[in-house]
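Colleague: My structure is in work22.txt, and what it holds is compact mmCIF, C-alpha atoms and all ligand atoms:
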```
# COMPACT_ATOMS: atom_id res chain seq x y z
CA MET A 1 -65.31 151.29 2.65
CA GLN A 2 -64.78 155.05 3.01
CA ASP A 3 -62.64 156.18 0.06
CA GLN A 4 -61.93 152.64 -1.16
CA THR A 5 -62.01 152.29 -4.91
CA ALA A 6 -62.81 149.48 -7.32
CA ILE A 7 -61.92 149.38 -11.00
CA ILE A 8 -64.13 146.95 -12.91
CA THR A 9 -63.55 146.22 -16.60
CA GLY A 10 -66.46 145.41 -18.88
CA ALA A 11 -68.71 146.94 -16.24
CA ALA A 12 -71.18 148.76 -18.48
CA ASP A 13 -73.16 145.55 -18.90
CA GLY A 14 -73.90 142.06 -17.62
CA ILE A 15 -71.94 140.67 -14.70
CA GLY A 16 -69.66 143.72 -14.57
CA TRP A 17 -72.61 146.10 -14.19
CA ALA A 18 -74.01 143.95 -11.36
CA MET A 19 -70.56 144.15 -9.75
CA ALA A 20 -70.43 147.93 -10.19
CA GLN A 21 -73.80 148.21 -8.45
CA GLY A 22 -72.77 145.80 -5.69
CA PHE A 23 -69.46 147.54 -5.00
CA ALA A 24 -71.14 150.96 -5.02
CA GLU A 25 -73.76 149.71 -2.53
CA ALA A 26 -70.93 148.39 -0.36
CA GLY A 27 -69.44 151.90 -0.27
CA TYR A 28 -66.71 151.67 -2.89
CA ARG A 29 -66.09 154.43 -5.41
CA VAL A 30 -66.31 152.56 -8.70
CA LEU A 31 -64.50 153.18 -11.99
CA ILE A 32 -66.53 151.56 -14.75
CA ALA A 33 -64.19 150.71 -17.62
CA ASP A 34 -65.66 149.50 -20.88
CA LEU A 35 -65.24 149.67 -24.64
CA ASP A 36 -68.11 152.15 -24.94
CA GLY A 37 -67.02 155.22 -22.96
CA ASP A 38 -70.41 156.97 -23.20
CA LYS A 39 -72.22 153.94 -21.82
CA ALA A 40 -69.61 153.58 -19.06
CA ALA A 41 -70.08 157.26 -18.14
CA SER A 42 -73.86 157.02 -18.09
CA ARG A 43 -73.71 153.86 -15.97
CA ALA A 44 -71.39 155.69 -13.54
CA ALA A 45 -73.84 158.60 -13.43
CA GLU A 46 -76.60 156.11 -12.50
CA LEU A 47 -74.48 155.10 -9.49
CA GLY A 48 -73.86 158.71 -8.41
CA THR A 49 -71.28 161.47 -8.55
CA ALA A 50 -68.65 159.58 -6.54
CA HIS A 51 -68.20 157.15 -9.43
CA ALA A 52 -66.60 157.45 -12.86
CA GLY A 53 -66.80 155.81 -16.25
CA ALA A 54 -64.15 155.60 -18.94
CA ALA A 55 -63.50 154.03 -22.32
CA VAL A 56 -60.92 151.28 -22.39
CA ASP A 57 -60.02 148.47 -24.73
CA VAL A 58 -58.17 146.15 -22.37
CA THR A 59 -56.15 144.74 -25.29
CA ARG A 60 -54.49 148.12 -25.90
CA ASP A 61 -51.55 149.02 -23.71
CA SER A 62 -52.07 152.77 -24.25
CA ASP A 63 -55.74 152.51 -23.16
CA VAL A 64 -54.78 150.58 -20.05
CA THR A 65 -52.11 153.13 -19.13
CA ALA A 66 -54.56 155.99 -19.67
CA LEU A 67 -57.16 154.25 -17.49
CA ALA A 68 -54.67 153.74 -14.65
CA GLU A 69 -53.67 157.42 -14.88
CA LEU A 70 -57.33 158.43 -14.80
CA ALA A 71 -57.81 156.33 -11.65
CA ASP A 72 -54.78 158.09 -10.10
CA ALA A 73 -56.15 161.52 -10.99
CA ARG A 74 -59.76 160.85 -10.03
CA PHE A 75 -59.37 158.60 -6.96
CA GLY A 76 -55.68 158.65 -6.01
CA ARG A 77 -55.78 154.98 -5.01
CA CYS A 78 -56.70 151.52 -6.32
CA ASP A 79 -57.97 149.04 -3.75
CA VAL A 80 -59.77 146.54 -5.97
CA LEU A 81 -59.44 145.48 -9.61
CA VAL A 82 -61.94 143.12 -11.21
CA ASN A 83 -60.81 141.80 -14.60
CA ASN A 84 -64.24 141.03 -16.01
CA ALA A 85 -64.19 142.25 -19.64
CA GLY A 86 -64.81 139.41 -22.02
CA ILE A 87 -66.19 138.26 -25.34
CA ALA A 88 -67.75 134.97 -26.40
CA ASP A 89 -66.25 132.64 -28.92
CA ARG A 90 -68.31 131.63 -31.93
CA HIS A 91 -69.08 128.03 -30.87
CA LEU A 92 -67.76 126.70 -34.20
CA PRO A 93 -66.24 123.28 -34.83
CA THR A 94 -62.45 123.36 -34.49
CA LEU A 95 -61.86 122.98 -38.23
CA GLU A 96 -64.03 126.03 -38.96
CA GLN A 97 -62.45 128.44 -36.47
CA ASP A 98 -60.52 131.37 -37.89
CA MET A 99 -57.33 132.61 -36.30
CA GLU A 100 -58.39 136.25 -36.22
CA HIS A 101 -61.26 135.60 -33.83
CA PHE A 102 -59.18 133.01 -31.94
CA GLY A 103 -56.54 135.70 -31.35
CA ARG A 104 -59.10 138.33 -30.33
CA VAL A 105 -60.61 136.02 -27.69
CA LEU A 106 -57.17 135.31 -26.24
CA ASP A 107 -56.28 139.00 -26.36
CA VAL A 108 -59.38 140.29 -24.56
CA HIS A 109 -59.31 137.69 -21.80
CA LEU A 110 -55.64 136.81 -21.29
CA LYS A 111 -53.70 139.82 -22.52
CA GLY A 112 -56.35 142.16 -21.07
CA THR A 113 -56.21 140.53 -17.65
CA PHE A 114 -52.41 140.61 -17.73
CA MET A 115 -52.05 144.24 -18.79
CA MET A 116 -54.70 145.54 -16.38
CA SER A 117 -53.17 143.55 -13.51
CA ARG A 118 -49.69 144.80 -14.35
CA ALA A 119 -50.77 148.47 -14.47
CA ILE A 120 -52.99 148.44 -11.38
CA GLY A 121 -50.87 145.85 -9.53
CA ALA A 122 -47.92 148.28 -9.68
CA ARG A 123 -50.02 150.90 -7.87
CA MET A 124 -51.26 148.37 -5.32
CA ILE A 125 -47.70 147.21 -4.64
CA ALA A 126 -46.64 150.84 -4.08
CA ALA A 127 -49.54 151.22 -1.62
CA GLY A 128 -48.80 147.87 0.07
CA SER A 129 -52.30 146.43 -0.37
CA GLY A 130 -54.93 145.50 -2.92
CA ALA A 131 -57.19 142.73 -4.13
CA ILE A 132 -57.60 141.50 -7.70
CA VAL A 133 -60.42 139.27 -8.88
CA ASN A 134 -60.21 137.62 -12.29
CA ILE A 135 -63.17 136.07 -14.05
CA GLY A 136 -62.68 132.55 -15.37
CA SER A 137 -65.33 130.13 -16.59
CA ILE A 138 -66.37 126.50 -16.30
CA ALA A 139 -65.26 126.37 -19.96
CA GLY A 140 -61.68 126.80 -18.70
CA VAL A 141 -61.76 123.88 -16.29
CA SER A 142 -63.59 121.25 -18.35
CA GLY A 143 -63.56 120.14 -21.96
CA MET A 144 -66.20 121.96 -23.97
CA PRO A 145 -66.26 121.18 -27.71
CA ARG A 146 -66.22 124.28 -29.98
CA ARG A 147 -64.88 126.49 -27.19
CA ASN A 148 -61.13 126.28 -27.97
CA ALA A 149 -60.02 129.91 -27.64
CA TYR A 150 -62.45 130.78 -24.86
CA GLY A 151 -61.65 127.66 -22.82
CA ALA A 152 -57.90 128.13 -23.26
CA ALA A 153 -58.13 131.81 -22.34
CA LYS A 154 -60.12 131.07 -19.21
CA ALA A 155 -57.74 128.24 -18.21
CA GLY A 156 -54.89 130.70 -18.70
CA ILE A 157 -56.60 133.21 -16.43
CA VAL A 158 -56.66 130.63 -13.62
CA SER A 159 -52.96 129.92 -14.14
CA MET A 160 -52.12 133.63 -14.20
CA THR A 161 -54.19 134.17 -11.06
CA ARG A 162 -52.11 131.59 -9.19
CA ALA A 163 -48.80 132.96 -10.49
CA MET A 164 -49.61 136.58 -9.59
CA ALA A 165 -51.02 135.55 -6.20
CA CYS A 166 -47.75 133.80 -5.29
CA GLU A 167 -45.58 136.60 -6.67
CA TRP A 168 -47.42 139.40 -4.87
CA ALA A 169 -48.52 137.71 -1.62
CA GLY A 170 -45.57 139.20 0.25
CA GLN A 171 -46.43 142.67 -0.97
CA GLY A 172 -49.92 142.82 0.50
CA LEU A 173 -51.85 141.83 -2.62
CA ARG A 174 -54.37 139.02 -2.94
CA VAL A 175 -55.31 137.64 -6.37
CA ASN A 176 -58.21 135.22 -6.81
CA ALA A 177 -60.49 134.02 -9.58
CA ILE A 178 -64.19 133.30 -9.83
CA ILE A 179 -65.34 130.42 -12.03
CA PRO A 180 -68.92 131.26 -13.00
CA GLY A 181 -71.21 128.69 -14.51
CA TYR A 182 -73.86 129.94 -16.92
CA VAL A 183 -75.05 133.42 -15.96
CA GLU A 184 -78.16 135.05 -17.39
CA THR A 185 -76.61 138.01 -19.25
CA ALA A 186 -76.98 139.49 -22.73
CA LEU A 187 -74.01 137.37 -23.83
CA VAL A 188 -75.75 134.12 -22.86
CA ARG A 189 -79.20 135.27 -23.99
CA ALA A 190 -77.70 135.93 -27.45
CA LEU A 191 -76.18 132.44 -27.58
CA ILE A 192 -79.57 130.96 -26.63
CA ALA A 193 -81.34 133.10 -29.28
CA GLU A 194 -78.83 131.96 -31.92
CA GLY A 195 -79.49 128.33 -30.99
CA LYS A 196 -75.90 127.84 -29.78
CA ILE A 197 -77.14 126.99 -26.29
CA ASP A 198 -80.26 124.92 -25.53
CA ALA A 199 -81.64 126.65 -22.43
CA ASP A 200 -83.91 123.77 -21.29
CA ARG A 201 -81.16 121.20 -21.63
CA LEU A 202 -78.76 123.50 -19.85
CA ARG A 203 -81.08 124.00 -16.87
CA ARG A 204 -81.44 120.23 -16.51
CA ARG A 205 -77.62 119.91 -16.50
CA ILE A 206 -77.38 122.25 -13.48
CA PRO A 207 -78.09 120.58 -10.09
CA MET A 208 -79.73 123.78 -8.82
CA GLY A 209 -81.95 123.80 -11.94
CA HIS A 210 -81.42 127.40 -13.01
CA LEU A 211 -78.80 129.78 -14.37
CA ALA A 212 -76.97 132.22 -12.11
CA GLN A 213 -77.99 135.85 -11.95
CA PRO A 214 -75.22 138.46 -12.42
CA GLY A 215 -75.64 139.48 -8.77
CA ASP A 216 -74.56 135.97 -7.68
CA ILE A 217 -71.13 136.59 -9.24
CA ALA A 218 -70.97 140.10 -7.78
CA ALA A 219 -71.59 138.66 -4.31
CA ALA A 220 -68.68 136.25 -4.75
CA ALA A 221 -66.39 139.09 -5.85
CA LEU A 222 -67.37 141.19 -2.84
CA PHE A 223 -66.56 138.26 -0.56
CA LEU A 224 -63.15 137.67 -2.17
CA VAL A 225 -62.05 141.28 -1.72
CA SER A 226 -63.43 141.54 1.83
CA GLY A 227 -61.60 141.20 5.12
CA GLN A 228 -63.36 137.87 5.62
CA ALA A 229 -61.20 136.51 2.80
CA ARG A 230 -57.95 138.02 4.14
CA TYR A 231 -56.12 134.64 4.15
CA ILE A 232 -57.42 133.61 0.72
CA THR A 233 -55.18 134.12 -2.28
CA GLY A 234 -54.45 132.18 -5.47
CA THR A 235 -57.73 130.31 -5.27
CA THR A 236 -60.70 129.81 -7.56
CA LEU A 237 -64.22 130.20 -6.25
CA THR A 238 -66.68 128.23 -8.36
CA VAL A 239 -70.16 129.78 -8.59
CA ASP A 240 -72.05 127.42 -10.87
CA GLY A 241 -75.11 125.98 -9.07
CA GLY A 242 -73.30 122.64 -8.77
CA TRP A 243 -72.55 122.28 -12.52
CA SER A 244 -68.91 121.19 -11.98
CA ALA A 245 -69.76 118.90 -9.09
CA PHE A 246 -72.18 116.80 -11.14
CA GLY A 247 -70.59 113.63 -12.52
CA ASP A 248 -73.52 111.27 -12.97
CA SER A 249 -75.15 110.41 -16.30
CA GLY A 250 -78.45 111.98 -17.35
CA ASP A 251 -80.07 115.09 -15.99
CA ALA A 252 -78.86 116.76 -12.80
CA SER A 253 -82.26 118.37 -12.12
CA SER A 254 -85.72 118.72 -13.57
CA GLY A 255 -84.68 122.22 -14.75
P1 LIG A 301 -71.32 140.91 -21.41
O1 LIG A 301 -71.09 140.81 -22.89
O2 LIG A 301 -72.71 141.12 -20.91
O3 LIG A 301 -70.38 142.04 -20.79
C1 LIG A 301 -69.02 142.08 -21.11
C2 LIG A 301 -68.60 143.52 -21.20
O4 LIG A 301 -67.19 143.54 -21.53
C3 LIG A 301 -69.33 144.27 -22.30
O5 LIG A 301 -69.76 145.54 -21.84
C4 LIG A 301 -68.28 144.38 -23.39
O6 LIG A 301 -68.45 145.48 -24.25
C5 LIG A 301 -67.02 144.51 -22.56
N1 LIG A 301 -65.82 144.26 -23.34
C6 LIG A 301 -65.65 143.38 -24.35
N2 LIG A 301 -64.41 143.49 -24.85
C7 LIG A 301 -63.78 144.45 -24.16
C8 LIG A 301 -62.50 145.04 -24.23
N3 LIG A 301 -61.60 144.65 -25.14
N4 LIG A 301 -62.18 146.01 -23.35
C9 LIG A 301 -63.09 146.44 -22.45
N5 LIG A 301 -64.32 145.94 -22.33
C10 LIG A 301 -64.67 144.95 -23.19
O7 LIG A 301 -70.70 139.57 -20.78
P2 LIG A 301 -70.95 138.87 -19.37
O8 LIG A 301 -71.34 139.87 -18.36
O9 LIG A 301 -71.80 137.70 -19.61
O10 LIG A 301 -69.48 138.34 -19.07
C11 LIG A 301 -68.59 139.02 -18.19
C12 LIG A 301 -67.40 138.11 -17.92
O11 LIG A 301 -67.86 136.90 -17.32
C13 LIG A 301 -66.64 137.70 -19.17
O12 LIG A 301 -65.27 137.62 -18.86
C14 LIG A 301 -67.19 136.32 -19.48
O13 LIG A 301 -66.29 135.54 -20.22
C15 LIG A 301 -67.37 135.79 -18.06
N6 LIG A 301 -68.30 134.69 -17.96
C16 LIG A 301 -69.61 134.86 -18.32
C17 LIG A 301 -70.49 133.81 -18.18
C18 LIG A 301 -71.92 133.93 -18.53
O14 LIG A 301 -72.62 132.90 -18.49
N7 LIG A 301 -72.45 135.09 -18.87
C19 LIG A 301 -70.04 132.50 -17.67
C20 LIG A 301 -68.65 132.44 -17.31
C21 LIG A 301 -67.83 133.51 -17.44
P3 LIG A 301 -69.30 145.27 -25.63
O15 LIG A 301 -70.69 144.88 -25.19
O16 LIG A 301 -69.24 146.61 -26.26
O17 LIG A 301 -68.61 144.19 -26.38
```
Would you write the structure of this file as C-alpha cells?
Modeller:
Amino acid sequence: MQDQTAIITGAADGIGWAMAQGFAEAGYRVLIADLDGDKAASRAAELGTAHAGAAVDVTRDSDVTALAELADARFGRCDVLVNNAGIADRHLPTLEQDMEHFGRVLDVHLKGTFMMSRAIGARMIAAGSGAIVNIGSIAGVSGMPRRNAYGAAKAGIVSMTRAMACEWAGQGLRVNAIIPGYVETALVRALIAEGKIDADRLRRRIPMGHLAQPGDIAAAALFLVSGQARYITGTTLTVDGGWSAFGDSGDASSG
C-alpha cells in the first residue's frame, strides 16, 4: 500500500476510528475527517506522522472542498474514500418527528455521501482509479418503525452507490456499500442507555447472538477496496451476524 491514501469521514470515533486503524495497519496513509478537528488531529497523531486529521462537516460544500484540497496538498492522491460519517435518528413515533432533525439526518448521510463522493470522485476519475465505500444500515433495507429519516437516508445511500458504480465503472472507480447490523459503538451504547434499544432482546434477534465490533466493519471495508474485490462494484456487503437472513418467528439465538 506504499503511498496509497484513504479518506475516512466520521473517523474520530466508532466504526470510522476502527477503519482508520485498520487502513493504517494495512499501510495506507489515512486522512481522518470529522466534525471535531482537534479530535481528528489527535487521532491521526495516535496513528503516526504519515497520517492527518481535519475538521469537516460533510453537509457543507465549502468544508468538503477544503478537505479535498487538503488531501491534494498533503497526499497528492486519493485512492480510497469511506463515507462513514453519520448521526442517529431520535427513534420517535412518526407523528412526533420534527422536520429539522429529519432534514439533518438526510443531510449528513445522503447529501454528505453525495458531496464527498463528487469531490473525491473527480480526483479519482482524473487519476483513473479509486474505490469508494459507503456505509448503509439494516435500517435502510427493512422496515423499522420510528426510523423514518435514518432508514430512508440509508436506503438512498444504497441507491446512490449503485448509480455511481455504474456511472464510474468505465473510469476505473469501484463504488460499494456495507450494510452493518448493530455495532457496539458509542452511538449504539447511548441508544441502549436511553432505553431506545433493548440489548438482551437485540442479541436474541441476531443469529450469531452478539453485536458486531467496529473492527468487523473495518475488515469488510478493507476487503471491498482490495485487489481481491477488483471485479466487485455496485454491490452491498451485509455484515450483520445473520440479522437480515433470519425470517422465522421468535428468537434467532439464546443471545
Ligand atoms: P459514531 O457516532 O460513533 O461515529 C460517527 C462519527 O461521525 C462521529 O465522530 C461524529 O461526530 C461524526 N459525524 C457526525 N456528523 C458529521 C458530519 N456532519 N460531518 C462529519 N462527521 C460527522 O457512530 P458509528 O461509528 O456507530 O456509526 C458510523 C456509521 O455507521 C454511521 O454512518 C452509522 O449510521 C453507520 N451505522 C452504524 C451502526 C451501529 O450499530 N453503530 C449500524 C449501521 C450503520 P460527533 O460525535 O461529533 O457527532
Colleague: Taking only C-alpha atoms and all ligand atoms into account, report as a PyMOL selection string which residues have an atom no farther than 6 Å from an atom of ligand LIG 301 (chain A).
Modeller: chain A and resi 9-16+34-36+56-59+84-87+108+135-137+180-188
Colleague: Mind giving me the straight-line distance from CA of Ser62 in chain A to CA of Ile120 in chain A in Å, one decimal?
Modeller: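 Taking CA of Ser62 in chain A as the start and CA of Ile120 in chain A as the end point, the length is 13.6 Å.
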Colleague: Just how far from CA of Tyr28 in chain A is CA of Lys154 in chain A, in Å to one decimal?
Modeller: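 Atom-to-atom, CA of Lys154 in chain A to CA of Tyr28 in chain A, that is 27.1 Å.
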Colleague: Calculate how many Å separate CA of Ala26 in chain A from CA of Gly53 in chain A, rounding to one decimal.
Modeller: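 For CA of Ala26 in chain A relative to CA of Gly53 in chain A, the distance reads 18.0 Å.
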Colleague: Which residues are close to Leu211 in chain A, i.e. within 12 Å by all atoms listed in the file, leaving aside same-chain residues fewer than 4 positions away? Reply as a ChimeraX atom specification.
Modeller: /A:180-185,188-189,199-207,215-217,239-243,255
Colleague: Using only C-alpha atoms, can you tell me which of A:Lys196, A:Arg74, A:Arg174, A:Arg43 comes closest to Gly128 in chain A?
Modeller: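 Of A:Lys196, A:Arg74, A:Arg174, A:Arg43, the one nearest Gly128 in chain A is A:Arg174, counting only C-alpha atoms.
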Colleague: Quick one: residues within 9 Å of Ile8 in chain A, all atoms listed in the file, excluding same-chain residues fewer than 5 positions away - as a list in words?
Modeller: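 Listing them by chain and then by number gives Gly16, Trp17, Met19, Ala20, Val30, Leu31, Ile32, Ala33, Asp34, Val80, Leu81, Val82, Asn83, Asn84 and Ala85 of chain A.
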Colleague: Limited to C-alpha atoms, could you put the picked residues into a file as a short mmCIF file (atom, residue, chain, number, x, y, z; two decimals), keeping the file's coordinate frame?
Modeller:
```cif
data_model
loop_
_atom_site.label_atom_id
_atom_site.label_comp_id
_atom_site.auth_asym_id
_atom_site.auth_seq_id
_atom_site.Cartn_x
_atom_site.Cartn_y
_atom_site.Cartn_z
CA GLY A 16 -69.66 143.72 -14.57
CA TRP A 17 -72.61 146.10 -14.19
CA MET A 19 -70.56 144.15 -9.75
CA ALA A 20 -70.43 147.93 -10.19
CA VAL A 30 -66.31 152.56 -8.70
CA LEU A 31 -64.50 153.18 -11.99
CA ILE A 32 -66.53 151.56 -14.75
CA ALA A 33 -64.19 150.71 -17.62
CA ASP A 34 -65.66 149.50 -20.88
CA VAL A 80 -59.77 146.54 -5.97
CA LEU A 81 -59.44 145.48 -9.61
CA VAL A 82 -61.94 143.12 -11.21
CA ASN A 83 -60.81 141.80 -14.60
CA ASN A 84 -64.24 141.03 -16.01
CA ALA A 85 -64.19 142.25 -19.64
#
```
Colleague: Give me the residues within 12 Å of Ala152 in chain A as a short mmCIF file (atom, residue, chain, number, x, y, z; two decimals) with C-alpha atoms, keeping the file's coordinate frame, counting all atoms listed in the file and dropping any in the same chain fewer than 3 places off.
Modeller:
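And here's out-v3.cif as it stands now:
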```
data_model
loop_
_atom_site.label_atom_id
_atom_site.label_comp_id
_atom_site.auth_asym_id
_atom_site.auth_seq_id
_atom_site.Cartn_x
_atom_site.Cartn_y
_atom_site.Cartn_z
CA ASP A 89 -66.25 132.64 -28.92
CA PHE A 102 -59.18 133.01 -31.94
CA GLY A 103 -56.54 135.70 -31.35
CA VAL A 105 -60.61 136.02 -27.69
CA LEU A 106 -57.17 135.31 -26.24
CA ASP A 107 -56.28 139.00 -26.36
CA HIS A 109 -59.31 137.69 -21.80
CA LEU A 110 -55.64 136.81 -21.29
CA GLY A 136 -62.68 132.55 -15.37
CA SER A 137 -65.33 130.13 -16.59
CA ILE A 138 -66.37 126.50 -16.30
CA ALA A 139 -65.26 126.37 -19.96
CA GLY A 140 -61.68 126.80 -18.70
CA VAL A 141 -61.76 123.88 -16.29
CA SER A 142 -63.59 121.25 -18.35
CA GLY A 143 -63.56 120.14 -21.96
CA MET A 144 -66.20 121.96 -23.97
CA PRO A 145 -66.26 121.18 -27.71
CA ARG A 146 -66.22 124.28 -29.98
CA ARG A 147 -64.88 126.49 -27.19
CA ASN A 148 -61.13 126.28 -27.97
CA ALA A 149 -60.02 129.91 -27.64
CA ALA A 155 -57.74 128.24 -18.21
CA GLY A 156 -54.89 130.70 -18.70
CA ILE A 157 -56.60 133.21 -16.43
CA VAL A 158 -56.66 130.63 -13.62
CA SER A 159 -52.96 129.92 -14.14
#
```
Colleague: Give me the residues near range 115-119 of chain A as JSON, numbers by chain, where near means some atom within 7 Å (using all atoms listed in the file) and where sequence neighbours in that chain fewer than 3 positions away do not count.
Modeller: {"A": [58, 61, 64, 65, 68, 111, 112, 122]}
Colleague: Can I get the selection written as an mmCIF file, in the coordinates of the input, with C-alpha atoms?
Modeller:
```
data_model
loop_
_atom_site.group_PDB
_atom_site.id
_atom_site.type_symbol
_atom_site.label_atom_id
_atom_site.label_comp_id
_atom_site.auth_asym_id
_atom_site.auth_seq_id
_atom_site.Cartn_x
_atom_site.Cartn_y
_atom_site.Cartn_z
ATOM 1 C CA VAL A 58 -58.170 146.150 -22.370
ATOM 2 C CA ASP A 61 -51.550 149.020 -23.710
ATOM 3 C CA VAL A 64 -54.780 150.580 -20.050
ATOM 4 C CA THR A 65 -52.110 153.130 -19.130
ATOM 5 C CA ALA A 68 -54.670 153.740 -14.650
ATOM 6 C CA LYS A 111 -53.700 139.820 -22.520
ATOM 7 C CA GLY A 112 -56.350 142.160 -21.070
ATOM 8 C CA ALA A 122 -47.920 148.280 -9.680
#
```
